[in-house]
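Shown below: work-v2.cif, with mmCIF, C-alpha atoms.
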```cif
data_data
#
loop_
_atom_site.group_PDB
_atom_site.id
_atom_site.type_symbol
_atom_site.label_atom_id
_atom_site.label_comp_id
_atom_site.auth_asym_id
_atom_site.auth_seq_id
_atom_site.Cartn_x
_atom_site.Cartn_y
_atom_site.Cartn_z
ATOM 1 C CA MET M 1 43.646 -57.892 -132.385
ATOM 2 C CA VAL M 2 40.612 -58.404 -134.607
ATOM 3 C CA ASN M 3 39.417 -61.052 -132.192
ATOM 4 C CA VAL M 4 39.550 -58.580 -129.334
ATOM 5 C CA GLY M 5 37.650 -56.031 -131.377
ATOM 6 C CA ILE M 6 34.824 -58.444 -132.139
ATOM 7 C CA HIS M 7 34.669 -59.451 -128.497
ATOM 8 C CA GLU M 8 34.498 -55.849 -127.290
ATOM 9 C CA MET M 9 31.893 -54.904 -129.865
ATOM 10 C CA SER M 10 29.662 -57.623 -128.483
ATOM 11 C CA HIS M 11 29.904 -56.057 -125.040
ATOM 12 C CA ALA M 12 29.083 -52.645 -126.478
ATOM 13 C CA LEU M 13 26.028 -54.159 -128.154
ATOM 14 C CA GLY M 14 24.780 -55.516 -124.865
ATOM 15 C CA PHE M 15 26.489 -58.759 -123.881
ATOM 16 C CA SER M 16 27.029 -57.636 -120.329
ATOM 17 C CA SER M 17 25.585 -58.625 -116.974
ATOM 18 C CA ASN M 18 23.814 -55.295 -116.541
ATOM 19 C CA LYS M 19 22.053 -55.764 -119.879
ATOM 20 C CA PHE M 20 21.007 -59.398 -119.652
ATOM 21 C CA SER M 21 17.699 -58.442 -118.059
ATOM 22 C CA MET M 22 16.816 -56.370 -121.143
ATOM 23 C CA ILE M 23 17.239 -59.155 -123.684
ATOM 24 C CA LYS M 24 14.415 -59.333 -126.217
ATOM 25 C CA ASP M 25 13.003 -62.258 -128.122
ATOM 26 C CA SER M 26 13.018 -62.425 -131.917
ATOM 27 C CA ASN M 27 9.832 -60.356 -132.037
ATOM 28 C CA GLY M 28 11.387 -57.539 -130.061
ATOM 29 C CA ASN M 29 9.408 -58.352 -126.955
ATOM 30 C CA SER M 30 10.922 -58.551 -123.542
ATOM 31 C CA VAL M 31 11.435 -62.074 -122.279
ATOM 32 C CA GLN M 32 10.231 -61.073 -118.866
ATOM 33 C CA ALA M 33 6.865 -62.461 -117.825
ATOM 34 C CA MET M 34 5.901 -59.670 -115.489
ATOM 35 C CA SER M 35 7.189 -56.261 -114.548
ATOM 36 C CA SER M 36 9.018 -57.647 -111.549
ATOM 37 C CA PRO M 37 12.761 -57.133 -111.854
ATOM 38 C CA THR M 38 13.224 -60.508 -110.214
ATOM 39 C CA ALA M 39 11.213 -62.172 -112.943
ATOM 40 C CA VAL M 40 13.417 -60.599 -115.591
ATOM 41 C CA CYS M 41 16.521 -62.072 -114.112
ATOM 42 C CA ILE M 42 14.935 -65.471 -113.662
ATOM 43 C CA ARG M 43 13.947 -65.613 -117.309
ATOM 44 C CA THR M 44 17.404 -64.901 -118.659
ATOM 45 C CA ILE M 45 19.886 -65.971 -116.010
ATOM 46 C CA ARG M 46 19.235 -68.702 -113.500
ATOM 47 C CA GLN M 47 21.365 -69.506 -110.508
ATOM 48 C CA PHE M 48 21.913 -72.993 -109.156
ATOM 49 C CA SER M 49 23.770 -74.278 -106.165
ATOM 50 C CA LEU M 50 25.963 -77.163 -107.241
ATOM 51 C CA LEU M 51 28.124 -79.572 -105.324
ATOM 52 C CA SER M 52 31.712 -79.279 -106.415
ATOM 53 C CA GLN M 53 33.336 -82.634 -107.018
ATOM 54 C CA LEU M 54 36.851 -81.371 -107.541
ATOM 55 C CA VAL M 55 39.509 -83.676 -106.170
ATOM 56 C CA GLY M 56 40.850 -82.421 -102.889
ATOM 57 C CA THR M 57 38.003 -80.068 -102.068
ATOM 58 C CA GLY M 58 36.065 -82.625 -100.142
ATOM 59 C CA GLY M 59 32.963 -81.417 -101.883
ATOM 60 C CA HIS M 60 31.386 -78.037 -101.296
ATOM 61 C CA THR M 61 28.497 -76.159 -102.796
ATOM 62 C CA HIS M 62 28.844 -73.001 -104.806
ATOM 63 C CA ASN M 63 26.444 -70.912 -106.838
ATOM 64 C CA VAL M 64 26.615 -71.236 -110.601
ATOM 65 C CA GLN M 65 24.757 -69.038 -113.066
ATOM 66 C CA TYR M 66 23.512 -70.105 -116.477
ATOM 67 C CA MET M 67 22.018 -68.140 -119.317
ATOM 68 C CA ILE M 68 18.813 -69.997 -120.085
ATOM 69 C CA LEU M 69 17.470 -68.182 -123.139
ATOM 70 C CA PRO M 70 15.968 -70.755 -125.531
ATOM 71 C CA THR M 71 18.404 -70.186 -128.388
ATOM 72 C CA VAL M 72 21.376 -70.181 -126.047
ATOM 73 C CA VAL M 73 20.248 -73.437 -124.479
ATOM 74 C CA SER M 74 19.700 -74.995 -127.901
ATOM 75 C CA ARG M 75 23.097 -73.983 -129.279
ATOM 76 C CA THR M 76 24.867 -75.083 -126.134
ATOM 77 C CA ARG M 77 23.212 -78.492 -126.148
ATOM 78 C CA THR M 78 24.036 -78.939 -129.818
ATOM 79 C CA HIS M 79 27.643 -77.905 -129.352
ATOM 80 C CA PHE M 80 28.233 -80.324 -126.505
ATOM 81 C CA SER M 81 25.904 -83.029 -127.875
ATOM 82 C CA CYS M 82 24.210 -83.050 -124.511
ATOM 83 C CA THR M 83 20.447 -82.703 -124.400
ATOM 84 C CA THR M 84 20.258 -82.192 -120.644
ATOM 85 C CA MET M 85 22.476 -79.120 -120.304
ATOM 86 C CA ILE M 86 20.803 -76.406 -118.239
ATOM 87 C CA GLY M 87 22.142 -73.575 -120.352
ATOM 88 C CA ALA M 88 25.355 -71.702 -120.928
ATOM 89 C CA GLN M 89 27.362 -71.319 -117.756
ATOM 90 C CA ILE M 90 28.374 -67.770 -116.868
ATOM 91 C CA GLU M 91 31.895 -66.931 -115.712
ATOM 92 C CA ASP M 92 32.260 -66.508 -111.965
ATOM 93 C CA GLY M 93 35.990 -65.841 -111.912
ATOM 94 C CA GLY M 94 38.014 -62.705 -112.503
ATOM 95 C CA GLY M 95 37.347 -59.093 -111.626
ATOM 96 C CA SER M 96 34.047 -57.283 -111.627
ATOM 97 C CA GLY M 97 34.281 -56.697 -115.361
ATOM 98 C CA THR M 98 34.985 -60.342 -116.108
ATOM 99 C CA ALA M 99 32.735 -62.305 -113.779
ATOM 100 C CA GLY M 100 29.101 -62.298 -114.817
ATOM 101 C CA SER M 101 29.630 -60.984 -118.331
ATOM 102 C CA HIS M 102 31.332 -63.893 -120.089
ATOM 103 C CA TRP M 103 30.902 -67.579 -120.721
ATOM 104 C CA GLU M 104 32.616 -69.818 -118.205
ATOM 105 C CA LYS M 105 36.187 -70.301 -119.430
ATOM 106 C CA ARG M 106 36.474 -73.787 -117.982
ATOM 107 C CA VAL M 107 33.491 -74.907 -120.073
ATOM 108 C CA PHE M 108 33.736 -72.828 -123.233
ATOM 109 C CA ASN M 109 37.530 -72.561 -123.552
ATOM 110 C CA ASN M 110 38.262 -70.413 -126.620
ATOM 111 C CA GLU M 111 34.718 -69.385 -127.464
ATOM 112 C CA TYR M 112 34.941 -65.704 -128.327
ATOM 113 C CA LEU M 113 32.845 -64.465 -125.390
ATOM 114 C CA THR M 114 34.887 -66.055 -122.652
ATOM 115 C CA GLY M 115 36.765 -63.585 -120.460
ATOM 116 C CA SER M 116 40.214 -64.226 -121.845
ATOM 117 C CA ILE M 117 41.138 -64.564 -125.440
ATOM 118 C CA SER M 118 43.544 -66.578 -127.508
ATOM 119 C CA GLU M 119 44.720 -66.269 -131.083
ATOM 120 C CA VAL M 120 42.256 -68.794 -132.431
ATOM 121 C CA PHE M 121 38.739 -68.575 -131.188
ATOM 122 C CA VAL M 122 35.396 -70.100 -132.097
ATOM 123 C CA PHE M 123 31.779 -69.050 -132.021
ATOM 124 C CA LEU M 124 29.167 -71.014 -130.132
ATOM 125 C CA THR M 125 26.781 -70.173 -132.969
ATOM 126 C CA SER M 126 29.087 -71.145 -135.812
ATOM 127 C CA ARG M 127 27.778 -74.653 -136.527
ATOM 128 C CA ALA M 128 25.904 -74.643 -139.804
ATOM 129 C CA ASP M 129 23.412 -77.255 -138.678
ATOM 130 C CA CYS M 130 21.847 -75.257 -135.877
ATOM 131 C CA MET P 1 22.678 -34.883 -132.405
ATOM 132 C CA SER P 2 20.549 -34.795 -135.555
ATOM 133 C CA VAL P 3 23.495 -35.964 -137.586
ATOM 134 C CA LEU P 4 23.306 -39.227 -135.651
ATOM 135 C CA ARG P 5 19.667 -39.999 -136.241
ATOM 136 C CA CYS P 6 20.250 -42.490 -139.054
ATOM 137 C CA LEU P 7 22.771 -44.523 -137.107
ATOM 138 C CA ASP P 8 22.158 -47.728 -135.169
ATOM 139 C CA LEU P 9 25.016 -47.440 -132.721
ATOM 140 C CA VAL P 10 27.442 -44.731 -131.710
ATOM 141 C CA LEU P 11 30.634 -46.289 -130.479
ATOM 142 C CA PHE P 12 33.176 -44.316 -128.504
ATOM 143 C CA LEU P 13 36.609 -45.783 -129.038
ATOM 144 C CA THR P 14 39.191 -44.752 -126.490
ATOM 145 C CA ALA P 15 42.743 -45.732 -125.671
ATOM 146 C CA ARG P 16 43.250 -45.151 -121.986
ATOM 147 C CA PRO P 17 45.746 -47.269 -120.050
ATOM 148 C CA THR P 18 44.579 -50.660 -118.837
ATOM 149 C CA PHE P 19 46.026 -52.545 -115.916
ATOM 150 C CA GLY P 20 47.335 -56.016 -115.368
ATOM 151 C CA SER P 21 46.714 -58.373 -118.234
ATOM 152 C CA THR P 22 43.638 -56.523 -119.462
ATOM 153 C CA ILE P 23 43.794 -55.839 -123.178
ATOM 154 C CA ALA P 24 40.569 -53.910 -123.519
ATOM 155 C CA PHE P 25 37.164 -53.378 -122.009
ATOM 156 C CA ALA P 26 33.802 -52.299 -123.323
ATOM 157 C CA GLY P 27 30.215 -51.782 -122.440
ATOM 158 C CA SER P 28 26.919 -50.314 -123.473
ATOM 159 C CA CYS P 29 26.278 -46.801 -122.194
ATOM 160 C CA GLN P 30 23.058 -45.702 -123.881
ATOM 161 C CA ASP P 31 19.812 -47.549 -124.574
ATOM 162 C CA ASP P 32 16.845 -46.730 -126.730
ATOM 163 C CA SER P 33 13.293 -46.903 -125.385
ATOM 164 C CA LYS P 34 13.255 -50.670 -125.965
ATOM 165 C CA GLY P 35 16.444 -51.255 -124.010
ATOM 166 C CA ARG P 36 18.582 -51.849 -127.063
ATOM 167 C CA SER P 37 22.111 -50.520 -127.045
ATOM 168 C CA ILE P 38 22.524 -47.400 -129.178
ATOM 169 C CA GLY P 39 25.697 -46.109 -127.542
ATOM 170 C CA GLY P 40 28.750 -47.982 -126.393
ATOM 171 C CA GLN P 41 32.361 -47.604 -125.462
ATOM 172 C CA VAL P 42 35.394 -49.680 -126.235
ATOM 173 C CA ASN P 43 38.641 -48.869 -124.487
ATOM 174 C CA TRP P 44 41.776 -50.457 -125.850
ATOM 175 C CA GLY P 45 44.863 -50.303 -123.720
ATOM 176 C CA PRO P 46 47.491 -48.449 -125.766
ATOM 177 C CA ALA P 47 50.210 -50.730 -124.463
ATOM 178 C CA GLN P 48 48.361 -53.608 -126.124
ATOM 179 C CA LEU P 49 48.227 -51.934 -129.520
ATOM 180 C CA SER P 50 50.797 -52.880 -132.085
ATOM 181 C CA LEU P 51 51.248 -52.429 -135.809
ATOM 182 C CA ASP P 52 53.568 -55.407 -135.895
ATOM 183 C CA SER P 53 51.594 -58.165 -137.559
ATOM 184 C CA ALA P 54 53.900 -60.706 -135.937
ATOM 185 C CA VAL P 55 52.096 -60.038 -132.681
ATOM 186 C CA LEU P 56 49.021 -61.653 -134.156
ATOM 187 C CA GLY P 57 50.963 -64.850 -134.586
ATOM 188 C CA THR P 58 51.854 -65.311 -130.970
ATOM 189 C CA ASP P 59 49.994 -67.579 -128.634
ATOM 190 C CA GLN P 60 49.436 -64.895 -126.066
ATOM 191 C CA ILE P 61 46.490 -65.311 -123.753
ATOM 192 C CA SER P 62 45.426 -62.282 -121.806
ATOM 193 C CA ASN P 63 42.385 -61.250 -119.872
ATOM 194 C CA ILE P 64 39.705 -59.033 -121.276
ATOM 195 C CA ASP P 65 38.308 -57.258 -118.285
ATOM 196 C CA CYS P 66 34.675 -56.462 -119.100
#
```
Turn this file's structure into structure tokens for me.
Amino acid sequence: MVNVGIHEMSHALGFSSNKFSMIKDSNGNSVQAMSSPTAVCIRTIRQFSLLSQLVGTGGHTHNVQYMILPTVVSRTRTHFSCTTMIGAQIEDGGGSGTAGSHWEKRVFNNEYLTGSISEVFVFLTSRADC
Amino acid sequence: MSVLRCLDLVLFLTARPTFGSTIAFAGSCQDDSKGRSIGGQVNWGPAQLSLDSAVLGTDQISNIDC
């Protein structure tokens, strides 16, 4: 129950697809380069078209979104010990309230901002060395 | 609203029914001039609320829709 409360509070504070374009840097400045709404989205969320290699699919492309904010990229790379990760993949499954506003469950499993929750969860930012 | 002027965030906590496996949902509903959230809502499905601490010990996995 506490886990759910922490999760929901994060949404109320702005972890939501309709707020990602308003994310500020540590100085309180917008991360957008220009006033173009398109630029805002590009600076925080980037979409890629990837080839699915799932067995049985025969291979097909689908669009995948990543949050590419510098700190998010850094923490994600540290967590997975992978220096080439694009960023933190955004959930594309579930209903309109789930897709787009959570980390990808398949990648982040029980991280507390995935779209479903389990008794024990972890924080992407919890490692003391980053 | 003057009573609220020293607060960082006003959070509206509601308990309206949720559907399916959704436990709760939440969002920001008011921004300041910088785009920061100063008002939000959390809705917690009443059917998901329990005072029985044993519930916390289960391995239940449910969706949080939002």
Using all atoms listed in the file: which of P:Ala26, P:Phe12, P:Ser33, P:Gln48 has the shortest distance to chain M: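 Going through P:Ala26, P:Phe12, P:Ser33, P:Gln48 one by one, the smallest distance to chain M is for P:Ala26.
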Counting all atoms listed in the file, chain M residues within 8 Å of chain P, as a list of chain:residue names: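 Every residue meeting the condition is included here: M:Met1, M:Val4, M:Glu8, M:Met9, M:His11, M:Ala12, M:Leu13, M:Gly14, M:Ser16, M:Met22, M:Ile23, M:Gly94, M:Gly95, M:Ser96, M:Gly97, M:Thr98, M:Ser101, M:Gly115, M:Ser116, M:Ile117, M:Ser118, M:Glu119.
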Atom CA of Asn3 of chain M to atom CA of Ala47 of chain P, straight-line distance in Å: 16.8 Å
Top pick for closest residue to Pro70 of chain M, considering M:Val120, M:Val31, M:Ala99, M:Val107 and counting all atoms listed in the file: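 Among the listed residues, the smallest separation from Pro70 of chain M belongs to M:Val31.
Put simply, atom CA of Leu124 of chain M is 20.1 Å away from atom CA of Gly93 of chain M.
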Hits from the PyMOL selection byres ((chain M and resi 111) around 6), listed as a list in words: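 That selection, the PyMOL selection byres ((chain M and resi 111) around 6), comes back as Phe108, Asn109, Asn110, Tyr112, Leu113, Thr114, Phe121, Val122 and Phe123 of chain M.
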d(atom CA of Tyr66 of chain M, atom CA of Ile6 of chain M) in Å: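 Between these atoms lies a distance of 22.6 Å.
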Spatial neighbours of segment 83-85 of chain M, 12 Å, only C-alpha atoms, chain gap at least 4 places, as a PyMOL selection string: chain M and resi 66-68+70+72-79+89+107
What are the centre and the three edge lengths of an axis-aligned box that wraps all atoms of segment 35-39 of chain P in the file, given that 8 Å is added to every side, written as lines of an AutoDock Vina configuration file and rounded to one decimal in Å?
```
center_x = 21.1
center_y = -49.0
center_z = -126.6
size_x = 25.3
size_y = 21.7
size_z = 21.2
```
